[in-house]
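Source file entry.cif; content: mmCIF, C-alpha atoms and all ligand atoms.
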```cif
data_data
#
loop_
_atom_site.label_atom_id
_atom_site.label_comp_id
_atom_site.auth_asym_id
_atom_site.auth_seq_id
_atom_site.Cartn_x
_atom_site.Cartn_y
_atom_site.Cartn_z
CA MET E 167 8.15 -15.30 55.48
CA PHE E 168 7.30 -14.03 58.93
CA ARG E 169 3.97 -14.41 60.70
CA LEU E 170 2.23 -11.50 62.44
CA ILE E 171 1.07 -12.24 65.99
CA ASN E 172 -2.11 -10.20 66.14
CA GLY E 173 -3.12 -9.01 69.63
CA ASN E 174 -6.54 -7.82 68.43
CA GLU E 175 -7.44 -11.28 67.11
CA ILE E 176 -6.10 -13.16 70.13
CA SER E 177 -7.81 -10.83 72.60
CA SER E 178 -11.11 -11.15 70.67
CA SER E 179 -11.07 -14.91 71.11
CA ILE E 180 -10.34 -14.53 74.84
CA TYR E 181 -13.23 -12.04 75.15
CA GLU E 182 -15.55 -14.63 73.56
CA GLU E 183 -14.51 -17.12 76.27
CA LEU E 184 -15.01 -14.48 78.96
CA LYS E 185 -18.53 -13.70 77.74
CA GLY E 186 -19.55 -17.29 78.46
CA ARG E 187 -18.07 -17.13 81.97
CA ILE E 188 -19.73 -13.75 82.62
CA ALA E 189 -23.11 -15.14 81.48
CA SER E 190 -22.70 -18.08 83.83
CA LEU E 191 -21.85 -15.75 86.75
CA ARG E 192 -24.80 -13.51 85.96
CA SER E 193 -27.12 -16.52 85.96
CA LYS E 194 -26.00 -17.01 89.58
CA GLY E 195 -26.77 -13.37 90.40
CA ILE E 196 -23.18 -12.13 90.19
CA THR E 197 -22.08 -9.38 87.83
CA PRO E 198 -18.28 -9.14 87.80
CA GLY E 199 -17.37 -5.66 89.04
CA LEU E 200 -14.18 -3.71 88.38
CA ALA E 201 -13.32 -0.38 90.00
CA VAL E 202 -10.51 1.85 88.81
CA VAL E 203 -9.22 4.66 91.00
CA LEU E 204 -7.57 7.55 89.24
CA VAL E 205 -5.79 10.27 91.20
CA GLY E 206 -5.13 13.49 89.30
CA GLU E 207 -5.39 14.30 85.63
CA ASP E 208 -2.55 12.48 83.87
CA PRO E 209 -3.86 12.41 80.25
CA ALA E 210 -2.40 8.97 79.40
CA SER E 211 -3.93 7.50 82.58
CA GLN E 212 -7.30 9.05 81.71
CA VAL E 213 -7.21 7.32 78.32
CA TYR E 214 -6.40 3.91 79.89
CA VAL E 215 -9.11 4.32 82.52
CA ARG E 216 -11.72 5.22 79.88
CA MET E 217 -10.73 2.17 77.80
CA LYS E 218 -11.11 -0.12 80.83
CA GLY E 219 -14.60 1.25 81.62
CA LYS E 220 -15.71 0.91 78.00
CA LYS E 221 -14.52 -2.69 77.79
CA CYS E 222 -16.38 -3.60 81.01
CA GLU E 223 -19.59 -2.18 79.56
CA GLU E 224 -19.15 -4.10 76.30
CA LEU E 225 -18.74 -7.33 78.26
CA GLY E 226 -21.74 -6.70 80.53
CA MET E 227 -19.59 -6.19 83.60
CA HIS E 228 -20.16 -3.68 86.40
CA SER E 229 -17.66 -0.83 86.17
CA VAL E 230 -16.91 2.03 88.54
CA THR E 231 -14.41 4.80 87.92
CA ILE E 232 -13.41 6.86 90.94
CA VAL E 233 -11.63 10.09 90.05
CA LEU E 234 -9.90 11.81 92.97
CA PRO E 235 -8.31 15.27 92.80
CA ALA E 236 -4.54 15.59 92.30
CA ASP E 237 -4.13 16.94 95.86
CA THR E 238 -5.68 13.82 97.46
CA THR E 239 -3.70 12.79 100.55
CA GLU E 240 -2.29 9.34 101.11
CA SER E 241 -4.70 8.67 103.98
CA GLU E 242 -7.70 9.72 101.86
CA LEU E 243 -6.62 7.30 99.15
CA LEU E 244 -6.03 4.51 101.69
CA LYS E 245 -9.55 5.09 103.01
CA LYS E 246 -10.94 4.67 99.48
CA VAL E 247 -8.94 1.44 99.09
CA ASP E 248 -10.46 0.16 102.34
CA GLU E 249 -13.96 0.96 101.12
CA LEU E 250 -13.36 -0.97 97.90
CA ASN E 251 -11.87 -3.90 99.84
CA SER E 252 -15.21 -4.32 101.58
CA ASP E 253 -17.55 -3.42 98.69
CA SER E 254 -19.29 -6.67 97.72
CA LYS E 255 -20.23 -5.38 94.23
CA ILE E 256 -16.56 -4.82 93.41
CA HIS E 257 -14.70 -8.08 92.79
CA GLY E 258 -11.48 -6.48 91.61
CA PHE E 259 -9.99 -3.01 91.57
CA LEU E 260 -6.82 -1.16 90.81
CA VAL E 261 -5.30 2.20 91.54
CA GLN E 262 -4.00 3.63 88.29
CA LEU E 263 -0.25 4.31 88.42
CA PRO E 264 1.71 6.53 88.49
CA LEU E 265 0.42 8.30 91.61
CA PRO E 266 1.23 11.90 92.59
CA LYS E 267 4.58 12.21 94.38
CA ASN E 268 3.07 12.86 97.83
CA ILE E 269 1.60 9.34 97.87
CA ASP E 270 3.67 6.21 98.57
CA GLU E 271 2.69 3.75 95.80
CA ASP E 272 3.92 0.72 97.76
CA LYS E 273 1.76 1.61 100.76
CA VAL E 274 -1.30 1.86 98.53
CA ILE E 275 -0.63 -1.42 96.71
CA ASN E 276 -0.01 -3.18 100.05
CA ALA E 277 -3.40 -1.97 101.29
CA ILE E 278 -5.33 -3.68 98.48
CA ASP E 279 -6.92 -7.01 99.44
CA PRO E 280 -4.82 -9.54 97.44
CA ARG E 281 -8.06 -11.35 96.45
CA LYS E 282 -9.19 -8.14 94.71
CA ASP E 283 -5.77 -7.17 93.33
CA VAL E 284 -6.54 -7.70 89.65
CA ASP E 285 -3.38 -5.82 88.59
CA GLY E 286 -1.38 -8.54 90.39
CA PHE E 287 0.98 -5.97 91.94
CA HIS E 288 0.44 -6.83 95.64
CA PRO E 289 3.60 -8.46 97.08
CA SER E 290 1.54 -11.47 98.11
CA ASN E 291 0.46 -12.01 94.48
CA VAL E 292 3.99 -11.36 93.21
CA GLY E 293 5.29 -14.00 95.64
CA SER E 294 2.60 -16.51 94.67
CA MET E 295 3.54 -16.05 91.03
CA LEU E 296 7.22 -16.55 91.81
CA ILE E 297 6.62 -19.87 93.57
CA GLY E 298 4.45 -21.07 90.69
CA LYS E 299 1.11 -20.84 92.50
CA PRO E 300 -0.35 -17.68 91.01
CA LEU E 301 -3.65 -16.08 91.93
CA PHE E 302 -3.65 -12.98 89.71
CA LEU E 303 -0.90 -12.59 87.13
CA PRO E 304 0.01 -9.03 86.14
CA ALA E 305 -1.86 -8.15 82.95
CA THR E 306 0.88 -7.26 80.48
CA PRO E 307 3.17 -10.26 81.15
CA ALA E 308 0.11 -12.55 81.25
CA GLY E 309 -0.90 -11.10 77.88
CA VAL E 310 2.55 -11.80 76.45
CA GLN E 311 2.43 -15.41 77.66
CA GLN E 312 -1.06 -15.90 76.22
CA MET E 313 0.06 -14.48 72.87
CA LEU E 314 2.87 -17.01 72.71
CA ILE E 315 0.67 -19.94 73.75
CA ARG E 316 -2.29 -19.04 71.56
CA SER E 317 -0.18 -18.39 68.48
CA GLY E 318 1.32 -21.87 68.83
CA VAL E 319 4.84 -20.87 69.87
CA ASP E 320 6.47 -23.73 71.77
CA ILE E 321 8.13 -22.12 74.79
CA SER E 322 9.49 -25.25 76.47
CA GLY E 323 13.28 -25.46 76.33
CA LYS E 324 13.56 -22.26 74.30
CA HIS E 325 16.00 -19.50 75.17
CA VAL E 326 13.92 -16.44 76.04
CA VAL E 327 15.74 -13.12 76.33
CA VAL E 328 13.78 -10.39 78.12
CA VAL E 329 14.99 -6.83 77.59
CA GLY E 330 13.93 -4.75 80.62
CA ARG E 331 13.58 -5.57 84.32
CA SER E 332 10.67 -3.43 85.52
CA ASN E 333 8.37 -4.79 88.21
CA ILE E 334 5.37 -4.60 85.89
CA VAL E 335 6.77 -6.21 82.73
CA GLY E 336 10.36 -7.47 82.57
CA LYS E 337 10.76 -9.22 85.93
CA PRO E 338 7.31 -10.87 86.01
CA ILE E 339 7.48 -12.17 82.44
CA ALA E 340 10.87 -13.71 83.21
CA ALA E 341 9.49 -15.27 86.40
CA MET E 342 6.46 -16.65 84.55
CA LEU E 343 8.31 -18.22 81.63
CA VAL E 344 10.93 -19.90 83.81
CA GLN E 345 8.26 -21.83 85.78
CA LYS E 346 7.92 -25.57 85.46
CA GLY E 347 4.98 -26.60 83.30
CA ALA E 348 2.86 -25.87 80.25
CA GLY E 349 3.29 -22.47 78.61
CA ALA E 350 6.65 -22.02 80.36
CA ASP E 351 9.76 -24.21 80.92
CA ALA E 352 11.95 -21.66 79.13
CA THR E 353 15.60 -20.85 79.75
CA VAL E 354 15.45 -17.15 80.56
CA THR E 355 18.02 -14.37 80.34
CA VAL E 356 17.11 -10.87 81.53
CA VAL E 357 19.07 -7.89 80.20
CA HIS E 358 18.89 -4.21 81.18
CA SER E 359 20.72 -0.90 80.94
CA ARG E 360 23.79 -2.19 82.82
CA THR E 361 24.14 -5.29 80.64
CA LYS E 362 27.34 -5.54 78.64
CA ASN E 363 27.15 -6.64 74.99
CA LEU E 364 23.36 -6.44 74.93
CA GLY E 365 23.16 -7.13 71.17
CA GLU E 366 25.16 -10.37 71.52
CA LEU E 367 22.72 -11.63 74.13
CA THR E 368 19.56 -10.63 72.26
CA LYS E 369 20.96 -12.45 69.25
CA LEU E 370 20.92 -15.71 71.21
CA ALA E 371 17.16 -15.47 71.77
CA ASP E 372 14.75 -17.99 70.27
CA ILE E 373 12.06 -15.75 71.77
CA LEU E 374 12.93 -12.09 72.28
CA ILE E 375 10.65 -10.04 74.54
CA VAL E 376 11.38 -6.33 74.58
CA ALA E 377 10.06 -3.91 77.25
CA MET E 378 12.42 -0.94 77.39
CA GLY E 379 10.50 2.16 76.37
CA LYS E 380 13.12 3.10 73.75
CA ALA E 381 11.68 3.66 70.28
CA ARG E 382 12.97 1.15 67.65
CA PHE E 383 16.04 0.33 69.75
CA ILE E 384 16.24 -3.33 68.70
CA THR E 385 17.66 -3.47 65.19
CA ALA E 386 17.94 -6.39 62.75
CA ASP E 387 21.58 -7.13 63.64
CA MET E 388 20.48 -7.81 67.26
CA VAL E 389 17.98 -10.53 66.31
CA LYS E 390 18.60 -14.18 65.40
CA ASP E 391 17.20 -15.52 62.11
CA GLY E 392 13.88 -17.26 62.79
CA ALA E 393 13.36 -15.75 66.25
CA VAL E 394 9.92 -14.94 67.68
CA VAL E 395 9.81 -11.28 68.73
CA ILE E 396 7.32 -9.78 71.19
CA ASP E 397 7.46 -5.99 71.36
CA VAL E 398 5.90 -4.57 74.55
CA GLY E 399 7.19 -1.02 73.97
CA THR E 400 4.84 1.83 73.22
CA ASN E 401 6.55 5.05 72.23
CA ARG E 402 5.04 8.11 70.59
CA ILE E 403 7.32 9.62 67.95
CA ASP E 404 6.94 12.68 65.72
CA ASP E 405 5.49 11.93 62.30
CA PRO E 406 4.67 15.04 60.28
CA SER E 407 3.03 12.85 57.59
CA SER E 408 0.31 11.65 59.98
CA GLU E 409 -2.80 13.64 60.87
CA LYS E 410 -1.89 13.83 64.55
CA GLY E 411 1.72 14.75 63.83
CA SER E 412 2.87 11.69 65.77
CA ARG E 413 2.46 7.92 65.83
CA LEU E 414 3.08 4.92 68.06
CA VAL E 415 6.08 2.66 67.55
CA GLY E 416 7.51 -0.19 69.57
CA ASP E 417 10.97 -0.81 70.99
CA VAL E 418 11.75 -2.95 67.94
CA ASP E 419 12.67 -1.55 64.53
CA PHE E 420 9.72 -3.49 63.08
CA ASP E 421 10.20 -2.75 59.36
CA ASN E 422 13.78 -4.00 59.31
CA VAL E 423 13.49 -6.77 61.90
CA LYS E 424 10.26 -8.48 60.72
CA GLU E 425 11.79 -10.32 57.72
CA LYS E 426 14.34 -12.03 59.96
CA THR E 427 11.73 -13.38 62.34
CA ALA E 428 9.48 -16.43 62.33
CA ALA E 429 6.80 -14.33 64.05
CA ILE E 430 6.55 -10.82 65.45
CA THR E 431 4.00 -8.57 67.19
CA PRO E 432 3.15 -5.18 65.67
CA VAL E 433 2.79 -1.88 67.56
CA PRO E 434 -0.01 -0.90 67.77
CA GLY E 435 -2.19 -4.03 67.65
CA GLY E 436 0.19 -6.37 69.48
CA VAL E 437 0.65 -6.54 73.24
CA GLY E 438 -1.48 -3.40 73.86
CA PRO E 439 -4.92 -5.00 73.37
CA MET E 440 -3.83 -8.05 75.41
CA THR E 441 -3.18 -5.98 78.54
CA ILE E 442 -6.77 -4.78 79.00
CA CYS E 443 -8.01 -8.23 78.01
CA MET E 444 -6.03 -9.92 80.80
CA LEU E 445 -7.28 -7.33 83.30
CA MET E 446 -10.85 -8.27 82.33
CA ALA E 447 -9.96 -11.96 82.65
CA ASN E 448 -8.57 -11.33 86.15
CA THR E 449 -11.77 -9.51 87.14
CA VAL E 450 -13.94 -12.38 85.91
CA MET E 451 -11.71 -14.77 87.87
CA ALA E 452 -12.05 -12.57 90.98
CA ALA E 453 -15.84 -12.78 90.65
CA GLU E 454 -15.63 -16.57 90.26
CA LEU E 455 -13.44 -16.74 93.38
CA SER E 456 -16.09 -14.84 95.33
CA LEU E 457 -18.38 -17.86 94.85
CA LEU E 458 -15.95 -20.26 96.52
P1 LIG G 1 10.51 0.94 82.67
O1 LIG G 1 11.00 2.27 82.24
O2 LIG G 1 9.99 0.74 84.05
O3 LIG G 1 11.66 -0.14 82.43
C1 LIG G 1 12.45 -0.11 81.27
C2 LIG G 1 13.49 -1.19 81.35
O4 LIG G 1 14.28 -1.13 80.16
C3 LIG G 1 14.45 -1.00 82.53
O5 LIG G 1 14.70 -2.24 83.14
C4 LIG G 1 15.72 -0.44 81.89
O6 LIG G 1 16.91 -0.85 82.50
C5 LIG G 1 15.64 -1.06 80.50
N1 LIG G 1 16.35 -0.20 79.55
C6 LIG G 1 16.10 1.08 79.27
N2 LIG G 1 17.00 1.54 78.36
C7 LIG G 1 17.82 0.52 78.09
C8 LIG G 1 18.95 0.36 77.25
N3 LIG G 1 19.41 1.37 76.49
N4 LIG G 1 19.56 -0.84 77.21
C9 LIG G 1 19.11 -1.87 77.98
N5 LIG G 1 18.04 -1.79 78.78
C10 LIG G 1 17.40 -0.60 78.85
O7 LIG G 1 9.39 0.54 81.57
P2 LIG G 1 8.20 -0.53 81.64
O8 LIG G 1 8.72 -1.89 81.84
O9 LIG G 1 7.11 -0.02 82.48
O10 LIG G 1 7.68 -0.40 80.12
C11 LIG G 1 8.51 -0.72 79.03
C12 LIG G 1 7.81 -0.34 77.75
O11 LIG G 1 6.63 -1.10 77.64
C13 LIG G 1 7.36 1.13 77.67
O12 LIG G 1 7.44 1.56 76.34
C14 LIG G 1 5.93 1.07 78.11
O13 LIG G 1 5.16 2.13 77.57
C15 LIG G 1 5.51 -0.24 77.49
N6 LIG G 1 4.37 -0.86 78.17
C16 LIG G 1 3.37 -1.29 77.36
C17 LIG G 1 2.28 -1.91 77.88
C18 LIG G 1 1.24 -2.40 76.96
O14 LIG G 1 0.15 -2.67 77.40
N7 LIG G 1 1.54 -2.57 75.68
C19 LIG G 1 2.12 -2.07 79.34
C20 LIG G 1 3.28 -1.68 80.10
C21 LIG G 1 4.35 -1.07 79.52
P3 LIG G 1 17.30 -0.41 84.03
O15 LIG G 1 16.42 -1.24 84.92
O16 LIG G 1 18.72 -0.77 84.14
O17 LIG G 1 17.01 1.05 84.12
#
```
Is it possible to express this structure as structure tokens?
Amino acid sequence: MFRLINGNEISSSIYEELKGRIASLRSKGITPGLAVVLVGEDPASQVYVRMKGKKCEELGMHSVTIVLPADTTESELLKKVDELNSDSKIHGFLVQLPLPKNIDEDKVINAIDPRKDVDGFHPSNVGSMLIGKPLFLPATPAGVQQMLIRSGVDISGKHVVVVGRSNIVGKPIAAMLVQKGAGADATVTVVHSRTKNLGELTKLADILIVAMGKARFITADMVKDGAVVIDVGTNRIDDPSSEKGSRLVGDVDFDNVKEKTAAITPVPGGVGPMTICMLMANTVMAAELSLL
């Protein structure tokens, strides 16, 4: 019988811990502050940005949302980044990606003060993570690692197969789990669209982490009996039987794969809630760092 790894439950317990840290900061006159910069009107981005603001309010954090028009120039955005770098009420901020095509994302990320880079995308933070001395870990991979640790999955010595090599999920999760030390020490294989015999490699995984963006791609024959499966994918598919006419599914064929696993994350209710939670945790940490 498989076990469900529930991202809502795990994130709730992390939020409880954060509330204590936020109360302690507030008693010292510091309210952790997060700013989110949104350029343009991408509907998915608007939803994420609203969720981040709402969560800050719930936790008693200071939250600022800066919405800039879609025709904002690169230099205007860089000026806004500079302002936030020197705003003492803002301990962490992020620029919601993707950005309009006229703006160089790398230039913008490079302009963020690494001590306020709560998304963990600045090359300095990526490098620190790689050498095992992280400041801010990127939220989704950090959420995946916390889900494994907090649901009692022993990662040490296990063969982890990561499907996907993006800079925001696949590569960082691989880099994090291969580190020396607690909550890591895994043997890691990364597979991607150029990998040959993908299903043979996924079948070797004790822990299979999937971040492809391909609805229900991972089928039961690609998974080892007793594996732990973490599904990062979020894909909207047509579903005439639902009110909205569509629903969210992961990259794993959950209904057929679950019985083979020792534990598996659902979509929705798996990695999704962990991502915002880790962003909040990074912001609280940024506020704590401001005291040092
Ligand atoms: P990207 O599109 O940036 O990367 C997808 C990766 O999957 C690439 O490395 C690609 O390989 C690989 N891939 C795609 N198709 C195949 C295939 N047929 N066989 C093998 N590998 C394949 O996506 P992200 O990493 O940004 O996101 C992945 C998924 O996770 C998406 O569904 C996204 O919505 C979701 N996500 C969810 C989050 C959450 O909070 N729950 C947060 C972030 C992402 P190649 O490099 O060769 O092209």
Expected axis-aligned box over every listed atom of ligand LIG 1 (chain G), 8 Å added per side, centre plus edges in Å to one decimal, as AutoDock Vina command-line options:
```
--center_x 9.9 --center_y -0.2 --center_z 80.3 --size_x 35.4 --size_y 20.9 --size_z 25.2
```
Checklist entry - Can I get the residues close to ligand LIG 1 (chain G) as a PyMOL selection string, where close means within 9 Å and we count only C-alpha atoms and all ligand atoms? => result chain E and resi 305-307+309+329-337+357-361+364+376-381+383+397-401+415-417+433-442
Item to check | Given only C-alpha atoms as the counted atoms, nearest of E:Leu243, E:Val394, E:Ala308, E:Ile384 to E:Val326 | outcome: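 So, comparing all the options, the nearest one is E:Val394.
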Checklist entry - Nearest to E:Gly186 among E:Leu225, E:Leu170, E:Met313, E:Leu458, with distances taken over all atoms listed in the file: which residue is it? => result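 Closest to E:Gly186, using all atoms listed in the file: E:Leu225.
Around E:Ile269, within 7 Å and counting only C-alpha atoms, the residues found are Thr239, Glu240, Leu265, Pro266, Lys267 and Glu271 of chain E, once anything fewer than 2 positions away on its own chain is removed.
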Item to check | For E:Met342, the nearest of the candidates E:Ile176, E:Ile315, E:Leu370, E:Leu296, counting all atoms listed in the file | outcome: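 Of the candidates, the smallest distance to E:Met342 is held by E:Leu296.
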Find the residues near E:Arg216: any atom within 12 Å, counting all atoms listed in the file, skip ones fewer than 3 places away on the same chain, and give them as a PDB file with C-alpha atoms, keeping the file's coordinate frame.
```
ATOM      1  CA  ALA E 201     -13.320  -0.380  90.000  1.00  0.00           C
ATOM      2  CA  VAL E 202     -10.510   1.850  88.810  1.00  0.00           C
ATOM      3  CA  VAL E 203      -9.220   4.660  91.000  1.00  0.00           C
ATOM      4  CA  LEU E 204      -7.570   7.550  89.240  1.00  0.00           C
ATOM      5  CA  PRO E 209      -3.860  12.410  80.250  1.00  0.00           C
ATOM      6  CA  ALA E 210      -2.400   8.970  79.400  1.00  0.00           C
ATOM      7  CA  SER E 211      -3.930   7.500  82.580  1.00  0.00           C
ATOM      8  CA  GLN E 212      -7.300   9.050  81.710  1.00  0.00           C
ATOM      9  CA  VAL E 213      -7.210   7.320  78.320  1.00  0.00           C
ATOM     10  CA  GLY E 219     -14.600   1.250  81.620  1.00  0.00           C
ATOM     11  CA  LYS E 220     -15.710   0.910  78.000  1.00  0.00           C
ATOM     12  CA  LYS E 221     -14.520  -2.690  77.790  1.00  0.00           C
ATOM     13  CA  CYS E 222     -16.380  -3.600  81.010  1.00  0.00           C
ATOM     14  CA  GLU E 223     -19.590  -2.180  79.560  1.00  0.00           C
ATOM     15  CA  SER E 229     -17.660  -0.830  86.170  1.00  0.00           C
ATOM     16  CA  VAL E 230     -16.910   2.030  88.540  1.00  0.00           C
ATOM     17  CA  THR E 231     -14.410   4.800  87.920  1.00  0.00           C
ATOM     18  CA  ILE E 232     -13.410   6.860  90.940  1.00  0.00           C
ATOM     19  CA  VAL E 233     -11.630  10.090  90.050  1.00  0.00           C
ATOM     20  CA  GLN E 262      -4.000   3.630  88.290  1.00  0.00           C
ATOM     21  CA  ILE E 442      -6.770  -4.780  79.000  1.00  0.00           C
TER      22      ILE E 442
END
```
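In this model, the gap between atom CA of E:Met227 and atom CA of E:Leu200 comes to 7.6 Å.
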Item to check | Selection near E:Ser294, 12 Å with all atoms listed in the file, sequence-local residues under 5 positions removed, as a PyMOL selection string | outcome: chain E and resi 280-281+286-289+299-304+338+341-342+345
Item to check | Straight-line distance linking atom CA of E:Ala350 with atom CA of E:Ile396, stated in Å to one decimal | outcome: 15.3 Å
Next on the checklist: Need the shell around E:Ala236: protein/DNA/RNA residues with any atom at most 8 Å away, counting only C-alpha atoms. Skip same-chain ones fewer than 4 positions apart. Format as number ranges by chain?
Outcome noted: E: 205-207, 266
Checklist entry - From the set E:Leu250, E:Ala371, E:Thr427, E:Glu409, which residue has the shortest atom-to-atom contact distance to E:Gly392, counting all atoms listed in the file? => result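 Result for the nearest residue to E:Gly392: E:Thr427.
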Item to check | d(atom CA of E:Val215, atom CA of E:Leu244) in Å | outcome: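 Between atom CA of E:Val215 and atom CA of E:Leu244 the gap is 19.4 Å.
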Checklist entry - With only C-alpha atoms as the atoms that count, which of E:Cys443, E:Val261, E:Ile275, E:Ala352 lies nearest to E:Met217? => result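 Of the candidates, the smallest distance to E:Met217 is held by E:Cys443.
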Output: stretch 214-221 of chain E of the preceding structure, restricted to all heavy atoms, written as a PDB file, in the first residue's frame.
```pdb
ATOM      1  N   TYR E 214       0.003  33.506  -9.456  1.00  0.00           N
ATOM      2  CA  TYR E 214       1.098  33.212  -8.516  1.00  0.00           C
ATOM      3  C   TYR E 214       1.377  34.417  -7.622  1.00  0.00           C
ATOM      4  O   TYR E 214       1.567  34.282  -6.418  1.00  0.00           O
ATOM      5  CB  TYR E 214       2.395  32.852  -9.257  1.00  0.00           C
ATOM      6  CG  TYR E 214       2.328  31.558 -10.025  1.00  0.00           C
ATOM      7  CD1 TYR E 214       2.841  31.460 -11.306  1.00  0.00           C
ATOM      8  CD2 TYR E 214       1.760  30.417  -9.458  1.00  0.00           C
ATOM      9  CE1 TYR E 214       2.785  30.271 -12.020  1.00  0.00           C
ATOM     10  CE2 TYR E 214       1.692  29.230 -10.159  1.00  0.00           C
ATOM     11  CZ  TYR E 214       2.207  29.161 -11.449  1.00  0.00           C
ATOM     12  OH  TYR E 214       2.142  27.991 -12.144  1.00  0.00           O
ATOM     13  N   VAL E 215       1.407  35.604  -8.239  1.00  0.00           N
ATOM     14  CA  VAL E 215       1.745  36.814  -7.489  1.00  0.00           C
ATOM     15  C   VAL E 215       0.684  37.087  -6.416  1.00  0.00           C
ATOM     16  O   VAL E 215       0.999  37.412  -5.278  1.00  0.00           O
ATOM     17  CB  VAL E 215       1.919  38.017  -8.449  1.00  0.00           C
ATOM     18  CG1 VAL E 215       2.000  39.329  -7.693  1.00  0.00           C
ATOM     19  CG2 VAL E 215       3.161  37.813  -9.311  1.00  0.00           C
ATOM     20  N   ARG E 216      -0.589  36.894  -6.781  1.00  0.00           N
ATOM     21  CA  ARG E 216      -1.674  37.081  -5.797  1.00  0.00           C
ATOM     22  C   ARG E 216      -1.521  36.099  -4.631  1.00  0.00           C
ATOM     23  O   ARG E 216      -1.676  36.448  -3.469  1.00  0.00           O
ATOM     24  CB  ARG E 216      -3.031  36.856  -6.468  1.00  0.00           C
ATOM     25  CG  ARG E 216      -3.722  38.166  -6.848  1.00  0.00           C
ATOM     26  CD  ARG E 216      -5.228  37.992  -7.011  1.00  0.00           C
ATOM     27  NE  ARG E 216      -5.591  36.935  -7.944  1.00  0.00           N
ATOM     28  CZ  ARG E 216      -5.642  37.087  -9.272  1.00  0.00           C
ATOM     29  NH1 ARG E 216      -5.361  38.250  -9.813  1.00  0.00           N
ATOM     30  NH2 ARG E 216      -5.988  36.085 -10.057  1.00  0.00           N
ATOM     31  N   MET E 217      -1.191  34.835  -4.967  1.00  0.00           N
ATOM     32  CA  MET E 217      -1.046  33.817  -3.916  1.00  0.00           C
ATOM     33  C   MET E 217       0.084  34.192  -2.949  1.00  0.00           C
ATOM     34  O   MET E 217      -0.029  34.008  -1.741  1.00  0.00           O
ATOM     35  CB  MET E 217      -0.739  32.447  -4.551  1.00  0.00           C
ATOM     36  CG  MET E 217      -1.968  31.783  -5.147  1.00  0.00           C
ATOM     37  SD  MET E 217      -1.532  30.465  -6.304  1.00  0.00           S
ATOM     38  CE  MET E 217      -0.879  29.232  -5.214  1.00  0.00           C
ATOM     39  N   LYS E 218       1.171  34.731  -3.501  1.00  0.00           N
ATOM     40  CA  LYS E 218       2.320  35.100  -2.661  1.00  0.00           C
ATOM     41  C   LYS E 218       1.934  36.228  -1.705  1.00  0.00           C
ATOM     42  O   LYS E 218       2.235  36.181  -0.514  1.00  0.00           O
ATOM     43  CB  LYS E 218       3.515  35.515  -3.540  1.00  0.00           C
ATOM     44  CG  LYS E 218       4.148  34.317  -4.245  1.00  0.00           C
ATOM     45  CD  LYS E 218       5.100  34.702  -5.368  1.00  0.00           C
ATOM     46  CE  LYS E 218       5.504  33.456  -6.143  1.00  0.00           C
ATOM     47  NZ  LYS E 218       6.260  33.735  -7.367  1.00  0.00           N
ATOM     48  N   GLY E 219       1.212  37.245  -2.228  1.00  0.00           N
ATOM     49  CA  GLY E 219       0.785  38.373  -1.402  1.00  0.00           C
ATOM     50  C   GLY E 219      -0.145  37.915  -0.294  1.00  0.00           C
ATOM     51  O   GLY E 219      -0.009  38.330   0.867  1.00  0.00           O
ATOM     52  N   LYS E 220      -1.072  37.015  -0.639  1.00  0.00           N
ATOM     53  CA  LYS E 220      -2.062  36.535   0.330  1.00  0.00           C
ATOM     54  C   LYS E 220      -1.358  35.777   1.463  1.00  0.00           C
ATOM     55  O   LYS E 220      -1.664  35.943   2.632  1.00  0.00           O
ATOM     56  CB  LYS E 220      -3.038  35.610  -0.404  1.00  0.00           C
ATOM     57  CG  LYS E 220      -4.301  35.371   0.326  1.00  0.00           C
ATOM     58  CD  LYS E 220      -5.349  34.746  -0.598  1.00  0.00           C
ATOM     59  CE  LYS E 220      -6.332  33.934   0.224  1.00  0.00           C
ATOM     60  NZ  LYS E 220      -6.122  32.516   0.217  1.00  0.00           N
ATOM     61  N   LYS E 221      -0.401  34.959   1.086  1.00  0.00           N
ATOM     62  CA  LYS E 221       0.314  34.159   2.090  1.00  0.00           C
ATOM     63  C   LYS E 221       1.104  35.064   3.032  1.00  0.00           C
ATOM     64  O   LYS E 221       1.104  34.862   4.248  1.00  0.00           O
ATOM     65  CB  LYS E 221       1.225  33.155   1.369  1.00  0.00           C
ATOM     66  CG  LYS E 221       1.788  32.072   2.222  1.00  0.00           C
ATOM     67  CD  LYS E 221       0.822  31.451   3.208  1.00  0.00           C
ATOM     68  CE  LYS E 221       0.107  30.227   2.719  1.00  0.00           C
ATOM     69  NZ  LYS E 221      -0.794  29.647   3.776  1.00  0.00           N
TER      70      LYS E 221
END
```
